[in-house]
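Peer 1: I have a structure here, written as structure tokens, and I will follow up with some questions on it.
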Amino acid sequence: MVRWIFVGTLFALCLVRYIYAVQTQVQVNIGDIIRITGTSWENKIRLENKRFTLLDNDLNIFDGDTITLTGRVVSQVIDKYGINIYLEEAQIEKYSTPLFYKLRVSLEQKIITYLPGDPGGLASGILLGGNKKLSYETRQSFTRDGLSHVIAASGYNVVMVSGWLAYFGRKIKHQKMMILSGLLGTILYMLLAGLTPSIIRAGIMSIMSFTALLLGRKSDAIWSLLITAVIMILWNPWYLVDIGFQLSVAATLGVLLSSGNELRILLMVQLFTIPLILHHFGQLSIVAPLANILVVWTVPYIMSLTALGLIFGPVLYLAWPFLAYVLFVASQLSRWQYASLTVGQMSWTWVVIWYLVLAIVYNRYYAKRSITPDYR
């Protein structure tokens, strides 16, 4: 009972923080001359729940640049991602490219050199996140097949990278060195992959886990997820309405609640993410379960070989068969007539009902499993 009161208090606190942010955000009107500072991505700068799109094509702005500029608001469009604000007559005051983004670009270029085309783009996406190196047709195939998460840096990537460095630290036969190696790996990968909501969520959970080990304590994964989500929302309340954050938390909760084999984990992840996908996109991938079963097992091999290939270039060739297989599966499944269906957007009311039913079914199932019969 005390736990539920605590959970309710945290939820109310996050809701109050979000409502306050909504009421105090700066309103932008057409014709306003505004000054913004942020990181550019695909000619856009995202601040709060707004995306500022630069209409001037002659600006030398690259993805990852931190820029300060002034521009005139010419239009605003609201969609499922937030508010799109279009600027013209933009004047750049200053800009800089972060060191880790420069390193990321050089690593991507090395991968593409050995694996040109979609195989290199897929290898880069699986290890570092992002689909910009893939062709438009391949990106569409991954979307229709429900495989977009494969080319998005996520918690799985963080666990893999921190686990690698923790393993090397363990070889030194010093527990603190193992833990510190894992912490360092987590932080470095977060910076290299970009501080997206899913990466931040996974990174904080990983840091909490390693810190618990350092203090000689055992961490509770579900409570770590809850505390991490609260920390992120209190720090940036706009995460509460961020699609990436919502899907990351839902998928992670599905993984944590699914004890068993990979098929059960896959089923739980699908059950926990489908209502959010239907709410935001109104599309349901029919082939997603099959596509994930056929593809997900290759991800650790591709990640490992790609990471080794960044050190010893020719190793990247060993990843090619796995990459070709994934691309083949994605291409073939997406060609099915009913691979993806447009079913209409699900309201938040039905999303809540979906999760309430899931909670009831899980609690009954879990309670039944936890009862140990006494045959004495």
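Each chain in the structure tokens gets a letter, A, B and so on, in the order shown; residues start at 1 in every chain, and ligands are counted from 1 in the order they appear.
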May I have the residues within 9 Å of A:Met160 as number ranges by chain, using only C-alpha atoms and disregarding those fewer than 5 positions away in the same chain?

Peer 2: A: 155, 165, 300, 303-304

Peer 1: For the residues selected in the previous step, produce a file with N, CA, C and O atoms as a PDB file, in the first residue's frame.

Peer 2:
ATOM      1  N   GLY A 155      18.171   1.166 -25.112  1.00  0.00           N
ATOM      2  CA  GLY A 155      18.718   0.589 -23.889  1.00  0.00           C
ATOM      3  C   GLY A 155      19.562  -0.640 -24.156  1.00  0.00           C
ATOM      4  O   GLY A 155      20.549  -0.897 -23.453  1.00  0.00           O
ATOM      5  N   LEU A 165      32.758  -3.160 -21.718  1.00  0.00           N
ATOM      6  CA  LEU A 165      33.814  -2.542 -20.924  1.00  0.00           C
ATOM      7  C   LEU A 165      33.879  -3.132 -19.516  1.00  0.00           C
ATOM      8  O   LEU A 165      34.960  -3.242 -18.929  1.00  0.00           O
ATOM      9  N   PRO A 300      22.946  -8.610 -31.736  1.00  0.00           N
ATOM     10  CA  PRO A 300      24.196  -8.650 -30.970  1.00  0.00           C
ATOM     11  C   PRO A 300      25.422  -8.995 -31.811  1.00  0.00           C
ATOM     12  O   PRO A 300      26.513  -8.479 -31.573  1.00  0.00           O
ATOM     13  N   MET A 303      26.249  -5.811 -33.839  1.00  0.00           N
ATOM     14  CA  MET A 303      26.850  -4.809 -32.959  1.00  0.00           C
ATOM     15  C   MET A 303      28.290  -5.155 -32.616  1.00  0.00           C
ATOM     16  O   MET A 303      29.191  -4.305 -32.679  1.00  0.00           O
ATOM     17  N   SER A 304      28.512  -6.408 -32.244  1.00  0.00           N
ATOM     18  CA  SER A 304      29.858  -6.830 -31.827  1.00  0.00           C
ATOM     19  C   SER A 304      30.854  -6.727 -32.980  1.00  0.00           C
ATOM     20  O   SER A 304      31.966  -6.196 -32.814  1.00  0.00           O
TER      21      SER A 304
END

Peer 1: For stretch 216-233 of chain A, find every residue with an atom within 8 Å (counting only C-alpha atoms), except residues of its own chain fewer than 3 positions away, and show them as an MDAnalysis selection string.

Peer 2: chainID A and resid 10:11 14 17:18 201 204:205 208:209 212:213 236:240 249 252:253 256

Peer 1: Dump N, CA and C atoms for the selected residues as an mmCIF file, in the first residue's frame?

Peer 2:
data_model
loop_
_atom_site.group_PDB
_atom_site.id
_atom_site.type_symbol
_atom_site.label_atom_id
_atom_site.label_comp_id
_atom_site.auth_asym_id
_atom_site.auth_seq_id
_atom_site.Cartn_x
_atom_site.Cartn_y
_atom_site.Cartn_z
ATOM 1 N N LEU A 10 4.557 10.391 -6.886
ATOM 2 C CA LEU A 10 5.516 10.699 -7.949
ATOM 3 C C LEU A 10 4.802 11.057 -9.246
ATOM 4 N N PHE A 11 3.763 10.305 -9.571
ATOM 5 C CA PHE A 11 3.000 10.587 -10.795
ATOM 6 C C PHE A 11 2.368 11.971 -10.721
ATOM 7 N N CYS A 14 4.993 14.672 -11.254
ATOM 8 C CA CYS A 14 5.365 14.809 -12.667
ATOM 9 C C CYS A 14 4.279 15.549 -13.439
ATOM 10 N N ARG A 17 4.436 19.212 -12.640
ATOM 11 C CA ARG A 17 5.604 19.801 -13.320
ATOM 12 C C ARG A 17 5.291 20.054 -14.792
ATOM 13 N N TYR A 18 4.598 19.115 -15.449
ATOM 14 C CA TYR A 18 4.257 19.278 -16.863
ATOM 15 C C TYR A 18 3.251 20.406 -17.052
ATOM 16 N N ARG A 201 17.362 7.485 -20.786
ATOM 17 C CA ARG A 201 16.679 6.571 -19.870
ATOM 18 C C ARG A 201 17.532 5.348 -19.563
ATOM 19 N N ILE A 204 20.791 6.321 -17.512
ATOM 20 C CA ILE A 204 20.568 6.577 -16.082
ATOM 21 C C ILE A 204 20.351 5.263 -15.338
ATOM 22 N N MET A 205 19.566 4.353 -15.928
ATOM 23 C CA MET A 205 19.328 3.062 -15.284
ATOM 24 C C MET A 205 20.620 2.269 -15.149
ATOM 25 N N MET A 208 22.708 3.836 -12.382
ATOM 26 C CA MET A 208 22.152 3.472 -11.086
ATOM 27 C C MET A 208 22.519 2.045 -10.711
ATOM 28 N N SER A 209 22.489 1.151 -11.693
ATOM 29 C CA SER A 209 22.833 -0.251 -11.441
ATOM 30 C C SER A 209 24.295 -0.407 -11.043
ATOM 31 N N ALA A 212 24.889 1.005 -7.588
ATOM 32 C CA ALA A 212 24.443 0.071 -6.546
ATOM 33 C C ALA A 212 25.492 -1.012 -6.312
ATOM 34 N N LEU A 213 26.087 -1.518 -7.388
ATOM 35 C CA LEU A 213 27.145 -2.514 -7.245
ATOM 36 C C LEU A 213 28.347 -1.941 -6.506
ATOM 37 N N ASN A 236 13.086 17.642 -17.508
ATOM 38 C CA ASN A 236 12.512 18.160 -18.757
ATOM 39 C C ASN A 236 11.093 17.634 -18.888
ATOM 40 N N PRO A 237 10.091 18.399 -18.461
ATOM 41 C CA PRO A 237 8.704 17.909 -18.460
ATOM 42 C C PRO A 237 8.182 17.546 -19.831
ATOM 43 N N TRP A 238 8.828 18.009 -20.897
ATOM 44 C CA TRP A 238 8.350 17.699 -22.247
ATOM 45 C C TRP A 238 8.621 16.256 -22.632
ATOM 46 N N TYR A 239 9.461 15.557 -21.850
ATOM 47 C CA TYR A 239 9.643 14.128 -22.084
ATOM 48 C C TYR A 239 8.329 13.372 -21.905
ATOM 49 N N LEU A 240 7.447 13.901 -21.067
ATOM 50 C CA LEU A 240 6.181 13.226 -20.787
ATOM 51 C C LEU A 240 5.359 13.027 -22.047
ATOM 52 N N VAL A 249 10.061 3.680 -22.302
ATOM 53 C CA VAL A 249 9.620 3.248 -20.971
ATOM 54 C C VAL A 249 8.691 2.039 -21.076
ATOM 55 N N THR A 252 10.688 -1.109 -22.115
ATOM 56 C CA THR A 252 11.532 -1.568 -21.008
ATOM 57 C C THR A 252 10.700 -2.244 -19.929
ATOM 58 N N LEU A 253 9.540 -1.677 -19.619
ATOM 59 C CA LEU A 253 8.660 -2.295 -18.636
ATOM 60 C C LEU A 253 8.212 -3.674 -19.113
ATOM 61 N N LEU A 256 11.099 -6.061 -18.506
ATOM 62 C CA LEU A 256 11.317 -6.351 -17.088
ATOM 63 C C LEU A 256 10.240 -7.268 -16.511
#

Peer 1: Got a sec to tell me which of stretch 82-268 of chain A DSSP assigns to helix (DSSP H, G or I), as a compact mmCIF listing (two decimals) with N, CA and C atoms, in the first residue's frame?

Peer 2:
# COMPACT_ATOMS: atom_id res chain seq x y z
N LEU A 99 32.57 17.70 -29.92
CA LEU A 99 33.65 16.75 -30.20
C LEU A 99 33.12 15.35 -30.44
N PHE A 100 32.15 14.91 -29.64
CA PHE A 100 31.66 13.54 -29.78
C PHE A 100 30.89 13.36 -31.07
N TYR A 101 30.27 14.43 -31.57
CA TYR A 101 29.58 14.27 -32.83
C TYR A 101 30.59 14.16 -33.98
N LYS A 102 31.69 14.90 -33.90
CA LYS A 102 32.75 14.76 -34.90
C LYS A 102 33.29 13.34 -34.91
N LEU A 103 33.46 12.77 -33.70
CA LEU A 103 33.95 11.39 -33.61
C LEU A 103 32.93 10.43 -34.21
N ARG A 104 31.65 10.67 -33.96
CA ARG A 104 30.61 9.81 -34.51
C ARG A 104 30.63 9.83 -36.03
N VAL A 105 30.76 11.02 -36.61
CA VAL A 105 30.80 11.15 -38.07
C VAL A 105 31.97 10.37 -38.65
N SER A 106 33.14 10.44 -38.01
CA SER A 106 34.31 9.73 -38.51
C SER A 106 34.12 8.21 -38.40
N LEU A 107 33.46 7.75 -37.33
CA LEU A 107 33.20 6.32 -37.18
C LEU A 107 32.21 5.84 -38.24
N GLU A 108 31.18 6.64 -38.50
CA GLU A 108 30.21 6.28 -39.54
C GLU A 108 30.89 6.21 -40.90
N GLN A 109 31.79 7.13 -41.15
CA GLN A 109 32.48 7.15 -42.44
C GLN A 109 33.35 5.91 -42.61
N LYS A 110 33.97 5.44 -41.52
CA LYS A 110 34.79 4.23 -41.60
C LYS A 110 33.93 3.02 -41.91
N ILE A 111 32.75 2.95 -41.29
CA ILE A 111 31.85 1.83 -41.55
C ILE A 111 31.41 1.83 -43.00
N ILE A 112 31.03 3.01 -43.51
CA ILE A 112 30.56 3.12 -44.89
C ILE A 112 31.66 2.79 -45.89
N THR A 113 32.90 3.08 -45.53
CA THR A 113 34.02 2.80 -46.43
C THR A 113 34.14 1.30 -46.69
N TYR A 114 33.97 0.49 -45.66
CA TYR A 114 34.07 -0.96 -45.79
C TYR A 114 32.75 -1.59 -46.24
N ASP A 118 23.33 0.39 -48.20
CA ASP A 118 22.46 0.05 -47.07
C ASP A 118 23.12 -0.84 -46.02
N PRO A 119 23.99 -1.80 -46.37
CA PRO A 119 24.64 -2.59 -45.32
C PRO A 119 25.43 -1.72 -44.33
N GLY A 120 26.16 -0.74 -44.84
CA GLY A 120 26.90 0.15 -43.96
C GLY A 120 25.97 1.04 -43.14
N GLY A 121 24.91 1.53 -43.79
CA GLY A 121 23.94 2.35 -43.08
C GLY A 121 23.25 1.58 -41.97
N LEU A 122 22.96 0.31 -42.22
CA LEU A 122 22.32 -0.52 -41.21
C LEU A 122 23.28 -0.81 -40.06
N ALA A 123 24.53 -1.14 -40.39
CA ALA A 123 25.52 -1.40 -39.34
C ALA A 123 25.72 -0.17 -38.46
N SER A 124 25.80 0.99 -39.08
CA SER A 124 25.96 2.24 -38.34
C SER A 124 24.74 2.50 -37.47
N GLY A 125 23.54 2.25 -38.03
CA GLY A 125 22.32 2.49 -37.28
C GLY A 125 22.17 1.58 -36.08
N ILE A 126 22.54 0.32 -36.25
CA ILE A 126 22.41 -0.64 -35.15
C ILE A 126 23.39 -0.31 -34.03
N LEU A 127 24.61 0.10 -34.37
CA LEU A 127 25.61 0.38 -33.33
C LEU A 127 25.44 1.77 -32.72
N LEU A 128 25.25 2.78 -33.58
CA LEU A 128 25.25 4.17 -33.09
C LEU A 128 23.87 4.81 -33.10
N TYR A 136 15.79 5.66 -48.70
CA TYR A 136 14.40 5.93 -48.32
C TYR A 136 13.56 4.66 -48.36
N GLU A 137 13.75 3.82 -49.38
CA GLU A 137 12.97 2.59 -49.50
C GLU A 137 13.22 1.66 -48.32
N THR A 138 14.49 1.57 -47.88
CA THR A 138 14.81 0.69 -46.75
C THR A 138 14.22 1.23 -45.46
N ARG A 139 14.26 2.54 -45.28
CA ARG A 139 13.65 3.13 -44.08
C ARG A 139 12.15 2.83 -44.04
N GLN A 140 11.49 2.93 -45.19
CA GLN A 140 10.07 2.64 -45.26
C GLN A 140 9.79 1.17 -44.96
N SER A 141 10.66 0.29 -45.43
CA SER A 141 10.49 -1.14 -45.17
C SER A 141 10.58 -1.44 -43.68
N PHE A 142 11.54 -0.84 -43.00
CA PHE A 142 11.70 -1.06 -41.56
C PHE A 142 10.49 -0.52 -40.79
N THR A 143 9.93 0.58 -41.27
CA THR A 143 8.75 1.14 -40.62
C THR A 143 7.55 0.22 -40.78
N ARG A 144 7.31 -0.26 -41.99
CA ARG A 144 6.16 -1.14 -42.25
C ARG A 144 6.29 -2.46 -41.50
N SER A 148 11.74 -0.48 -36.80
CA SER A 148 12.44 0.80 -36.66
C SER A 148 13.30 0.84 -35.41
N HIS A 149 12.90 0.10 -34.37
CA HIS A 149 13.68 0.11 -33.13
C HIS A 149 15.07 -0.49 -33.32
N VAL A 150 15.24 -1.33 -34.36
CA VAL A 150 16.53 -1.96 -34.60
C VAL A 150 17.59 -0.93 -34.96
N ILE A 151 17.17 0.13 -35.67
CA ILE A 151 18.13 1.16 -36.11
C ILE A 151 18.00 2.42 -35.27
N GLY A 155 18.17 1.17 -25.11
CA GLY A 155 18.72 0.59 -23.89
C GLY A 155 19.56 -0.64 -24.16
N TYR A 156 19.18 -1.42 -25.17
CA TYR A 156 19.95 -2.62 -25.49
C TYR A 156 21.38 -2.26 -25.86
N ASN A 157 21.53 -1.19 -26.65
CA ASN A 157 22.87 -0.75 -27.04
C ASN A 157 23.69 -0.35 -25.82
N VAL A 158 23.07 0.38 -24.91
CA VAL A 158 23.76 0.83 -23.70
C VAL A 158 24.22 -0.37 -22.88
N VAL A 159 23.33 -1.36 -22.72
CA VAL A 159 23.67 -2.55 -21.95
C VAL A 159 24.84 -3.28 -22.60
N MET A 160 24.81 -3.42 -23.92
CA MET A 160 25.87 -4.12 -24.64
C MET A 160 27.21 -3.43 -24.46
N VAL A 161 27.24 -2.12 -24.68
CA VAL A 161 28.51 -1.38 -24.62
C VAL A 161 29.07 -1.35 -23.20
N SER A 162 28.22 -1.05 -22.21
CA SER A 162 28.69 -1.02 -20.82
C SER A 162 29.12 -2.42 -20.40
N GLY A 163 28.43 -3.44 -20.91
CA GLY A 163 28.80 -4.82 -20.59
C GLY A 163 30.16 -5.19 -21.16
N TRP A 164 30.45 -4.71 -22.39
CA TRP A 164 31.76 -4.98 -22.97
C TRP A 164 32.88 -4.43 -22.09
N LEU A 165 32.76 -3.16 -21.72
CA LEU A 165 33.81 -2.54 -20.92
C LEU A 165 33.88 -3.13 -19.52
N ALA A 166 32.72 -3.50 -18.98
CA ALA A 166 32.72 -4.16 -17.67
C ALA A 166 33.45 -5.49 -17.75
N TYR A 167 33.30 -6.19 -18.88
CA TYR A 167 33.99 -7.47 -19.07
C TYR A 167 35.50 -7.28 -19.09
N PHE A 168 35.95 -6.25 -19.80
CA PHE A 168 37.39 -5.98 -19.83
C PHE A 168 37.89 -5.60 -18.44
N GLY A 169 37.06 -4.85 -17.71
CA GLY A 169 37.45 -4.51 -16.35
C GLY A 169 37.52 -5.73 -15.46
N ARG A 170 36.65 -6.71 -15.70
CA ARG A 170 36.66 -7.94 -14.91
C ARG A 170 37.93 -8.74 -15.17
N LYS A 171 38.45 -8.65 -16.39
CA LYS A 171 39.68 -9.37 -16.73
C LYS A 171 40.86 -8.89 -15.88
N GLN A 175 37.10 -5.67 -8.89
CA GLN A 175 35.68 -5.38 -9.01
C GLN A 175 35.40 -3.90 -9.25
N LYS A 176 36.10 -3.03 -8.52
CA LYS A 176 35.86 -1.61 -8.71
C LYS A 176 36.25 -1.16 -10.11
N MET A 177 37.33 -1.74 -10.64
CA MET A 177 37.73 -1.41 -12.00
C MET A 177 36.67 -1.85 -13.00
N MET A 178 36.05 -3.02 -12.75
CA MET A 178 34.98 -3.51 -13.61
C MET A 178 33.80 -2.54 -13.60
N ILE A 179 33.41 -2.10 -12.41
CA ILE A 179 32.26 -1.21 -12.27
C ILE A 179 32.56 0.15 -12.90
N LEU A 180 33.75 0.67 -12.64
CA LEU A 180 34.11 1.97 -13.20
C LEU A 180 34.21 1.91 -14.72
N SER A 181 34.67 0.77 -15.26
CA SER A 181 34.72 0.59 -16.71
C SER A 181 33.32 0.61 -17.31
N GLY A 182 32.39 -0.07 -16.63
CA GLY A 182 31.01 -0.07 -17.08
C GLY A 182 30.40 1.32 -17.05
N LEU A 183 30.67 2.07 -15.98
CA LEU A 183 30.17 3.45 -15.87
C LEU A 183 30.73 4.32 -16.97
N LEU A 184 32.03 4.22 -17.19
CA LEU A 184 32.67 5.01 -18.24
C LEU A 184 32.11 4.67 -19.61
N GLY A 185 31.91 3.37 -19.87
CA GLY A 185 31.36 2.95 -21.15
C GLY A 185 29.96 3.49 -21.37
N THR A 186 29.16 3.49 -20.32
CA THR A 186 27.79 4.01 -20.41
C THR A 186 27.79 5.49 -20.78
N ILE A 187 28.59 6.27 -20.07
CA ILE A 187 28.61 7.72 -20.29
C ILE A 187 29.14 8.05 -21.68
N LEU A 188 30.22 7.38 -22.09
CA LEU A 188 30.80 7.65 -23.40
C LEU A 188 29.83 7.29 -24.52
N TYR A 189 29.14 6.16 -24.37
CA TYR A 189 28.21 5.76 -25.43
C TYR A 189 27.02 6.72 -25.49
N MET A 190 26.55 7.18 -24.35
CA MET A 190 25.44 8.15 -24.34
C MET A 190 25.82 9.39 -25.14
N LEU A 191 27.04 9.87 -24.97
CA LEU A 191 27.49 11.06 -25.68
C LEU A 191 27.67 10.78 -27.17
N LEU A 192 28.17 9.58 -27.47
CA LEU A 192 28.45 9.24 -28.86
C LEU A 192 27.17 8.97 -29.65
N ALA A 193 26.20 8.31 -29.03
CA ALA A 193 24.96 7.96 -29.72
C ALA A 193 23.98 9.13 -29.76
N PRO A 197 15.93 10.60 -25.73
CA PRO A 197 15.25 10.14 -24.52
C PRO A 197 15.50 8.68 -24.17
N SER A 198 15.50 7.80 -25.17
CA SER A 198 15.71 6.38 -24.88
C SER A 198 17.12 6.11 -24.38
N ILE A 199 18.11 6.83 -24.94
CA ILE A 199 19.49 6.66 -24.50
C ILE A 199 19.67 7.22 -23.09
N ILE A 200 19.08 8.37 -22.81
CA ILE A 200 19.18 8.95 -21.47
C ILE A 200 18.55 8.02 -20.45
N ARG A 201 17.36 7.48 -20.79
CA ARG A 201 16.68 6.57 -19.87
C ARG A 201 17.53 5.35 -19.56
N ALA A 202 18.05 4.72 -20.62
CA ALA A 202 18.87 3.53 -20.43
C ALA A 202 20.18 3.86 -19.71
N GLY A 203 20.75 5.01 -20.03
CA GLY A 203 22.00 5.40 -19.40
C GLY A 203 21.86 5.63 -17.91
N ILE A 204 20.79 6.32 -17.51
CA ILE A 204 20.57 6.58 -16.08
C ILE A 204 20.35 5.26 -15.34
N MET A 205 19.57 4.35 -15.93
CA MET A 205 19.33 3.06 -15.28
C MET A 205 20.62 2.27 -15.15
N SER A 206 21.44 2.31 -16.18
CA SER A 206 22.73 1.61 -16.13
C SER A 206 23.64 2.21 -15.06
N ILE A 207 23.69 3.54 -15.00
CA ILE A 207 24.51 4.21 -13.99
C ILE A 207 24.02 3.88 -12.59
N MET A 208 22.71 3.84 -12.38
CA MET A 208 22.15 3.47 -11.09
C MET A 208 22.52 2.05 -10.71
N SER A 209 22.49 1.15 -11.69
CA SER A 209 22.83 -0.25 -11.44
C SER A 209 24.29 -0.41 -11.04
N PHE A 210 25.19 0.26 -11.79
CA PHE A 210 26.62 0.17 -11.47
C PHE A 210 26.93 0.84 -10.12
N THR A 211 26.22 1.94 -9.84
CA THR A 211 26.43 2.62 -8.55
C THR A 211 26.00 1.73 -7.39
N ALA A 212 24.89 1.01 -7.59
CA ALA A 212 24.44 0.07 -6.55
C ALA A 212 25.49 -1.01 -6.31
N LEU A 213 26.09 -1.52 -7.39
CA LEU A 213 27.14 -2.51 -7.25
C LEU A 213 28.35 -1.94 -6.51
N LEU A 214 28.67 -0.69 -6.82
CA LEU A 214 29.81 -0.04 -6.18
C LEU A 214 29.60 0.10 -4.68
N ALA A 221 15.17 -3.36 -10.76
CA ALA A 221 15.09 -2.81 -12.11
C ALA A 221 13.81 -2.01 -12.33
N ILE A 222 12.69 -2.50 -11.84
CA ILE A 222 11.42 -1.80 -12.07
C ILE A 222 11.40 -0.47 -11.33
N TRP A 223 11.90 -0.46 -10.09
CA TRP A 223 11.96 0.80 -9.34
C TRP A 223 12.98 1.75 -9.97
N SER A 224 14.05 1.19 -10.52
CA SER A 224 15.04 2.03 -11.22
C SER A 224 14.40 2.71 -12.42
N LEU A 225 13.55 1.95 -13.15
CA LEU A 225 12.84 2.51 -14.30
C LEU A 225 11.91 3.64 -13.86
N LEU A 226 11.17 3.43 -12.78
CA LEU A 226 10.25 4.44 -12.28
C LEU A 226 10.99 5.69 -11.86
N ILE A 227 12.05 5.52 -11.08
CA ILE A 227 12.81 6.67 -10.58
C ILE A 227 13.47 7.41 -11.74
N THR A 228 13.98 6.66 -12.71
CA THR A 228 14.61 7.27 -13.89
C THR A 228 13.60 8.11 -14.66
N ALA A 229 12.40 7.56 -14.89
CA ALA A 229 11.36 8.30 -15.61
C ALA A 229 10.99 9.58 -14.87
N VAL A 230 10.88 9.50 -13.54
CA VAL A 230 10.53 10.68 -12.75
C VAL A 230 11.63 11.73 -12.84
N ILE A 231 12.88 11.31 -12.72
CA ILE A 231 14.01 12.24 -12.81
C ILE A 231 13.99 12.97 -14.15
N MET A 232 13.78 12.22 -15.23
CA MET A 232 13.79 12.81 -16.57
C MET A 232 12.65 13.81 -16.75
N ILE A 233 11.46 13.46 -16.26
CA ILE A 233 10.31 14.36 -16.43
C ILE A 233 10.47 15.61 -15.58
N LEU A 234 11.00 15.46 -14.37
CA LEU A 234 11.22 16.63 -13.52
C LEU A 234 12.28 17.55 -14.13
N TRP A 235 13.28 16.95 -14.77
CA TRP A 235 14.33 17.74 -15.42
C TRP A 235 13.80 18.41 -16.69
N PRO A 237 10.09 18.40 -18.46
CA PRO A 237 8.70 17.91 -18.46
C PRO A 237 8.18 17.55 -19.83
N TRP A 238 8.83 18.01 -20.90
CA TRP A 238 8.35 17.70 -22.25
C TRP A 238 8.62 16.26 -22.63
N TYR A 239 9.46 15.56 -21.85
CA TYR A 239 9.64 14.13 -22.08
C TYR A 239 8.33 13.37 -21.91
N LEU A 240 7.45 13.90 -21.07
CA LEU A 240 6.18 13.23 -20.79
C LEU A 240 5.36 13.03 -22.05
N VAL A 241 5.48 13.92 -23.01
CA VAL A 241 4.71 13.81 -24.25
C VAL A 241 5.60 13.44 -25.44
N ILE A 243 7.31 10.93 -27.89
CA ILE A 243 6.99 9.58 -28.36
C ILE A 243 8.11 8.61 -28.05
N GLY A 244 9.35 9.03 -28.28
CA GLY A 244 10.49 8.17 -28.02
C GLY A 244 10.59 7.77 -26.55
N PHE A 245 10.35 8.73 -25.66
CA PHE A 245 10.39 8.46 -24.22
C PHE A 245 9.28 7.48 -23.83
N GLN A 246 8.08 7.71 -24.31
CA GLN A 246 6.95 6.84 -23.97
C GLN A 246 7.20 5.41 -24.43
N LEU A 247 7.66 5.25 -25.67
CA LEU A 247 7.91 3.91 -26.20
C LEU A 247 9.06 3.22 -25.47
N SER A 248 10.09 4.01 -25.12
CA SER A 248 11.24 3.44 -24.42
C SER A 248 10.84 2.90 -23.05
N VAL A 249 10.06 3.68 -22.30
CA VAL A 249 9.62 3.25 -20.97
C VAL A 249 8.69 2.04 -21.08
N ALA A 250 7.75 2.08 -22.03
CA ALA A 250 6.80 0.97 -22.19
C ALA A 250 7.52 -0.31 -22.58
N ALA A 251 8.44 -0.22 -23.54
CA ALA A 251 9.16 -1.42 -23.98
C ALA A 251 10.03 -1.98 -22.86
N THR A 252 10.69 -1.11 -22.11
CA THR A 252 11.53 -1.57 -21.01
C THR A 252 10.70 -2.24 -19.93
N LEU A 253 9.54 -1.68 -19.62
CA LEU A 253 8.66 -2.29 -18.64
C LEU A 253 8.21 -3.67 -19.11
N GLY A 254 7.92 -3.79 -20.40
CA GLY A 254 7.54 -5.09 -20.95
C GLY A 254 8.66 -6.12 -20.79
N VAL A 255 9.89 -5.69 -21.04
CA VAL A 255 11.04 -6.60 -20.88
C VAL A 255 11.20 -7.02 -19.43
N LEU A 256 11.10 -6.06 -18.51
CA LEU A 256 11.32 -6.35 -17.09
C LEU A 256 10.24 -7.27 -16.51
N LEU A 257 9.04 -7.18 -17.05
CA LEU A 257 7.93 -8.00 -16.54
C LEU A 257 7.84 -9.36 -17.21
N GLU A 262 12.98 -15.59 -25.22
CA GLU A 262 12.93 -14.41 -26.08
C GLU A 262 11.54 -14.19 -26.68
N LEU A 263 10.82 -15.27 -26.96
CA LEU A 263 9.49 -15.13 -27.53
C LEU A 263 8.54 -14.43 -26.54
N ARG A 264 8.67 -14.79 -25.26
CA ARG A 264 7.83 -14.15 -24.25
C ARG A 264 8.20 -12.68 -24.11
N ILE A 265 9.49 -12.38 -24.15
CA ILE A 265 9.93 -10.99 -24.07
C ILE A 265 9.38 -10.20 -25.24
N LEU A 266 9.48 -10.78 -26.44
CA LEU A 266 8.98 -10.11 -27.65
C LEU A 266 7.49 -9.85 -27.53
N LEU A 267 6.74 -10.83 -27.04
CA LEU A 267 5.29 -10.68 -26.90
C LEU A 267 4.96 -9.55 -25.92
N MET A 268 5.65 -9.51 -24.78
CA MET A 268 5.38 -8.48 -23.78
C MET A 268 5.72 -7.08 -24.31

Peer 1: Extract, using only C-alpha atoms, all DNA, RNA and protein residues at most 10 Å from stretch 345-350 of chain A, discarding same-chain residues fewer than 4 positions from it, and format them as a ChimeraX atom specification.

Peer 2: /A:275-283,354-356

Peer 1: Neighbouring residues of A:Leu69 were defined as those with any atom within 10 Å, considering only C-alpha atoms; residues of the same chain fewer than 4 positions away were excluded. Please report them as a list in words.

Peer 2: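 Near neighbours after the sequence-gap exclusion: Ile34, Arg35, Ile36, Thr37, Gly38, Ala90, Gln91, Ile92, Glu93, Lys94 and Tyr95 of chain A.
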
Peer 1: Take the residues from that selection and write them out as a short mmCIF file (atom, residue, chain, number, x, y, z; two decimals), in the first residue's frame, keeping N, CA and C atoms.

Peer 2:
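Contents of the output file out_38.cif:
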data_model
loop_
_atom_site.label_atom_id
_atom_site.label_comp_id
_atom_site.auth_asym_id
_atom_site.auth_seq_id
_atom_site.Cartn_x
_atom_site.Cartn_y
_atom_site.Cartn_z
N ILE A 34 12.60 35.94 -33.35
CA ILE A 34 12.99 35.20 -32.14
C ILE A 34 14.46 34.82 -32.20
N ARG A 35 15.02 34.60 -31.02
CA ARG A 35 16.42 34.18 -30.89
C ARG A 35 16.44 32.86 -30.14
N ILE A 36 17.04 31.83 -30.74
CA ILE A 36 17.05 30.50 -30.13
C ILE A 36 18.46 29.93 -30.13
N THR A 37 18.69 29.02 -29.19
CA THR A 37 19.95 28.28 -29.11
C THR A 37 19.63 26.81 -28.91
N GLY A 38 20.19 25.96 -29.75
CA GLY A 38 19.92 24.53 -29.64
C GLY A 38 20.80 23.74 -30.58
N ALA A 90 16.95 33.70 -41.34
CA ALA A 90 17.74 33.31 -40.17
C ALA A 90 19.16 33.87 -40.26
N GLN A 91 19.63 34.41 -39.17
CA GLN A 91 20.99 34.93 -39.06
C GLN A 91 21.70 34.18 -37.94
N ILE A 92 22.77 33.48 -38.30
CA ILE A 92 23.52 32.70 -37.31
C ILE A 92 24.47 33.61 -36.55
N GLU A 93 24.39 33.59 -35.24
CA GLU A 93 25.29 34.38 -34.41
C GLU A 93 26.55 33.60 -34.05
N LYS A 94 26.37 32.30 -33.72
CA LYS A 94 27.53 31.46 -33.45
C LYS A 94 27.11 30.00 -33.54
N TYR A 95 28.08 29.14 -33.82
CA TYR A 95 27.79 27.72 -33.87
C TYR A 95 29.06 26.94 -33.57
#
